[in-house]
Amino acid sequence: MAPPKPGIVPLRPLMFGEIMDGSFQTIRRNAKAMLGASLLAQSLAAILTAVLTAATATSMGSIEAWAESASPSDLTSLGLGFVAAIMLVAVLTIFLASVLQGAMVVPVARSILNRPTGFRQMWALARPRVGALMRLAALLMVGGLLAVLVPAAATVALIASMEGIGILLLIPMFLGFVALFVWIYIKLMVAPAAVVIEELGALAALRRSWELTRANWWRILGITLVVGIMVGVISQVVMIPVSLVPPLMAGFLSPHGGAGQDVAIAVAVGIITAVLGALAGALGYAFQTSVMALIYMDLRMRKDGLDISLLRMMESGADPDGIPGRGQGAARPGGYAGGWNPGTGPAAGAWPDGR
């Protein structure tokens with residue numbers, strides 16, 4: 001007997017195609033919640049890009065004149081201020097994106113039981129977990145900073161101590177750090193979902209993600225790589241028309257325009273690039289977050305028997321306004337609900353590790 005499929009995916013451990021299809025369906029069924037949150041996550045960086053592009057294009061002449069007469073200390077202060085502003089915006093963007101990523105898990109979980117979710121309802125259900133999501137974001141930021149500083153310090157020390165021989169060791173050392181970073185990233189990838197669905201703290205969510213991904217690392221890596229390639233290709237396709245805008249605008253407006261026209265075109269292109277980049281980034285972010293959430297639900301179906309708990313919730317209609325999977329996670333009994341067994345049927349042997 002086939003497993004029930006009340007919503008975007010069947011209630012059993014998922015195959016690759018089902019995760020992809022379920023992610024697209026989640027965005028389509030909950031467009032306001034998913035795309036609205038994604039646009040918020042991308043908006044800060046997009047606005048900053050547009051403002052900086054417009055300000056630079058309109059003030060390039062005065063900046064060059066000022067730079068010619070400015071002292072080295074003035075140039076250093078300007079550079080440090082610019083870098084500090086960029087870092088501040090980057091930190092705010094990461095925190096906002098982390099909180100919204102956790103919130104966007106809610107529509108995915110609810111869509112499994114065919115329960116649509118609006119933006120306001122999504123935020124109401126996720127709001128109690130905002131503090132834990134921010135603490136998780138802070139921990140991940142510290143980890144990311146260490147992932148940059150440690151290889152840089154090792155590189156400097158290696159070159160200084162061994163000179164020419166040290167340079168030959170840089171490539172394997174760099175590849176080793178990259179492999180370590182990817183391994184840890186995959187192991188901690190579903191922590192935001194654990195914070196929201198299981199109501200865990202930041203450290204407990206990291207431990208939970210580490211536990212859930214055990215014996216599934218290669219499968220998750222494969223899905224993540226495919227999704228990243230898909231999003232990258234789509235983003236590049238969307239941005240191709242932007243590269244054609246400057247010559248088209250120059251030829252259409254005035255083929256013999258001067259500096260004023262160049263500034264206007266630069267400002268227009270900067271704004272268009274920021275808008276299209278935000279839209280493409282929002283769609284890609286929504287898709288990647290949906291995939292992450294479905295991977296988390298799949299892992300809990302494999303390890304916790306969550307599919308049986310969801311089936312009981314579907315049959316009873318319990319907690320229609322809540323988050324499926326919250327407060328559930330009993331160990332899987334020997335049998336499968338509804339007479340379905342993973343050893344038979346089209347889903348058998350879907351992954352090398354079986355469960």
# chains A, B, ... in the order shown; residues from 1 in each chain; ligands from 1
call {"tool": "residues_around", "arguments": {"residues": "segment 96-98 of chain A", "least_positions_apart": "5", "cutoff": "7 Å", "atoms": "only C-alpha atoms", "output": "short mmCIF file (atom, residue, chain, number, x, y, z; two decimals) with all heavy atoms, in the first residue's frame"}}
result
data_model
loop_
_atom_site.label_atom_id
_atom_site.label_comp_id
_atom_site.auth_asym_id
_atom_site.auth_seq_id
_atom_site.Cartn_x
_atom_site.Cartn_y
_atom_site.Cartn_z
N ALA A 41 14.99 39.10 3.61
CA ALA A 41 16.35 38.65 3.87
C ALA A 41 17.34 39.24 2.87
O ALA A 41 18.51 39.46 3.21
CB ALA A 41 16.41 37.12 3.81
N LEU A 133 17.23 31.74 17.56
CA LEU A 133 17.77 31.85 16.20
C LEU A 133 18.88 32.88 16.13
O LEU A 133 19.89 32.69 15.43
CB LEU A 133 16.65 32.21 15.22
CG LEU A 133 15.65 31.10 14.88
CD1 LEU A 133 14.49 31.65 14.08
CD2 LEU A 133 16.33 29.97 14.11
N ALA A 137 22.67 32.24 15.09
CA ALA A 137 23.35 33.03 14.07
C ALA A 137 24.69 33.56 14.59
O ALA A 137 25.69 33.56 13.86
CB ALA A 137 22.46 34.19 13.63
#
call {"tool": "residues_around", "arguments": {"residues": "segment 3-8 of chain A", "least_positions_apart": "2", "cutoff": "8 Å", "atoms": "only C-alpha atoms", "output": "MDAnalysis selection string"}}
result
chainID A and resid 1 10:12 21:22 25:26 111:115 311 314 338 340
call {"tool": "write_last_selection", "arguments": {"atoms": "N, CA and C atoms", "output": "PDB file, in the first residue's frame"}}
result
ATOM      1  N   MET A   1       0.852  -1.197   0.000  1.00  0.00           N
ATOM      2  CA  MET A   1       0.000   0.000   0.000  1.00  0.00           C
ATOM      3  C   MET A   1       0.889   1.249   0.000  1.00  0.00           C
ATOM      4  N   PRO A  10       5.040  12.663   0.322  1.00  0.00           N
ATOM      5  CA  PRO A  10       4.442  11.520   1.010  1.00  0.00           C
ATOM      6  C   PRO A  10       5.011  11.377   2.421  1.00  0.00           C
ATOM      7  N   LEU A  11       4.217  10.752   3.285  1.00  0.00           N
ATOM      8  CA  LEU A  11       4.637  10.569   4.679  1.00  0.00           C
ATOM      9  C   LEU A  11       5.486   9.305   4.794  1.00  0.00           C
ATOM     10  N   ARG A  12       6.716   9.432   4.377  1.00  0.00           N
ATOM     11  CA  ARG A  12       7.737   8.388   4.472  1.00  0.00           C
ATOM     12  C   ARG A  12       9.077   9.040   4.173  1.00  0.00           C
ATOM     13  N   ASP A  21      10.631  18.544  -5.708  1.00  0.00           N
ATOM     14  CA  ASP A  21       9.249  18.884  -6.046  1.00  0.00           C
ATOM     15  C   ASP A  21       8.539  19.508  -4.852  1.00  0.00           C
ATOM     16  N   GLY A  22       8.785  18.961  -3.654  1.00  0.00           N
ATOM     17  CA  GLY A  22       8.149  19.516  -2.461  1.00  0.00           C
ATOM     18  C   GLY A  22       8.591  20.944  -2.189  1.00  0.00           C
ATOM     19  N   GLN A  25       6.706  23.178  -4.620  1.00  0.00           N
ATOM     20  CA  GLN A  25       5.297  23.260  -4.228  1.00  0.00           C
ATOM     21  C   GLN A  25       5.117  24.134  -2.993  1.00  0.00           C
ATOM     22  N   THR A  26       6.051  24.065  -2.069  1.00  0.00           N
ATOM     23  CA  THR A  26       5.961  24.904  -0.868  1.00  0.00           C
ATOM     24  C   THR A  26       5.947  26.378  -1.241  1.00  0.00           C
ATOM     25  N   SER A 111       3.048  22.621   5.206  1.00  0.00           N
ATOM     26  CA  SER A 111       2.641  22.166   3.871  1.00  0.00           C
ATOM     27  C   SER A 111       2.685  20.652   3.745  1.00  0.00           C
ATOM     28  N   ILE A 112       3.456  19.992   4.580  1.00  0.00           N
ATOM     29  CA  ILE A 112       3.494  18.526   4.539  1.00  0.00           C
ATOM     30  C   ILE A 112       2.114  17.949   4.838  1.00  0.00           C
ATOM     31  N   LEU A 113       1.347  18.632   5.669  1.00  0.00           N
ATOM     32  CA  LEU A 113      -0.034  18.215   5.971  1.00  0.00           C
ATOM     33  C   LEU A 113      -1.052  19.068   5.228  1.00  0.00           C
ATOM     34  N   ASN A 114      -0.612  19.742   4.160  1.00  0.00           N
ATOM     35  CA  ASN A 114      -1.501  20.543   3.311  1.00  0.00           C
ATOM     36  C   ASN A 114      -2.182  21.656   4.093  1.00  0.00           C
ATOM     37  N   ARG A 115      -1.400  22.315   4.950  1.00  0.00           N
ATOM     38  CA  ARG A 115      -1.924  23.439   5.717  1.00  0.00           C
ATOM     39  C   ARG A 115      -1.241  24.722   5.240  1.00  0.00           C
ATOM     40  N   LEU A 311       1.120  11.256  10.435  1.00  0.00           N
ATOM     41  CA  LEU A 311      -0.069  10.552   9.959  1.00  0.00           C
ATOM     42  C   LEU A 311      -1.172  10.584  11.012  1.00  0.00           C
ATOM     43  N   MET A 314      -2.623  14.009  11.059  1.00  0.00           N
ATOM     44  CA  MET A 314      -3.499  14.234   9.910  1.00  0.00           C
ATOM     45  C   MET A 314      -4.858  13.576  10.124  1.00  0.00           C
ATOM     46  N   GLY A 338      -0.396   2.246   8.323  1.00  0.00           N
ATOM     47  CA  GLY A 338      -1.168   2.065   7.104  1.00  0.00           C
ATOM     48  C   GLY A 338      -0.747   0.849   6.295  1.00  0.00           C
ATOM     49  N   TRP A 340       2.078   0.230   5.005  1.00  0.00           N
ATOM     50  CA  TRP A 340       3.172   0.493   4.064  1.00  0.00           C
ATOM     51  C   TRP A 340       4.487   0.075   4.665  1.00  0.00           C
TER      52      TRP A 340
END
call {"tool": "closest_residue", "arguments": {"among": "A:Tyr296, A:Trp183, A:Phe16, A:Phe95", "to": "Leu139 of chain A", "atoms": "only C-alpha atoms"}}
result
A:Phe95
call {"tool": "residues_around", "arguments": {"residues": "Val190 of chain A", "least_positions_apart": "2", "cutoff": "9 Å", "atoms": "only C-alpha atoms", "output": "PyMOL selection string"}}
result
chain A and resi 186-188+192-195+205-206+208-210+212-213+292-293+295-296
call {"tool": "atom_distance", "arguments": {"atom1": "atom CA of Thr93 of chain A", "atom2": "atom CA of Ile223 of chain A"}}
result
25.3 Å
call {"tool": "residues_around", "arguments": {"residues": "segment 280-284 of chain A", "least_positions_apart": "6", "cutoff": "6 Å", "atoms": "only C-alpha atoms", "output": "list in words"}}
result
Ser38, Leu39, Val231 and Ser235 of chain A
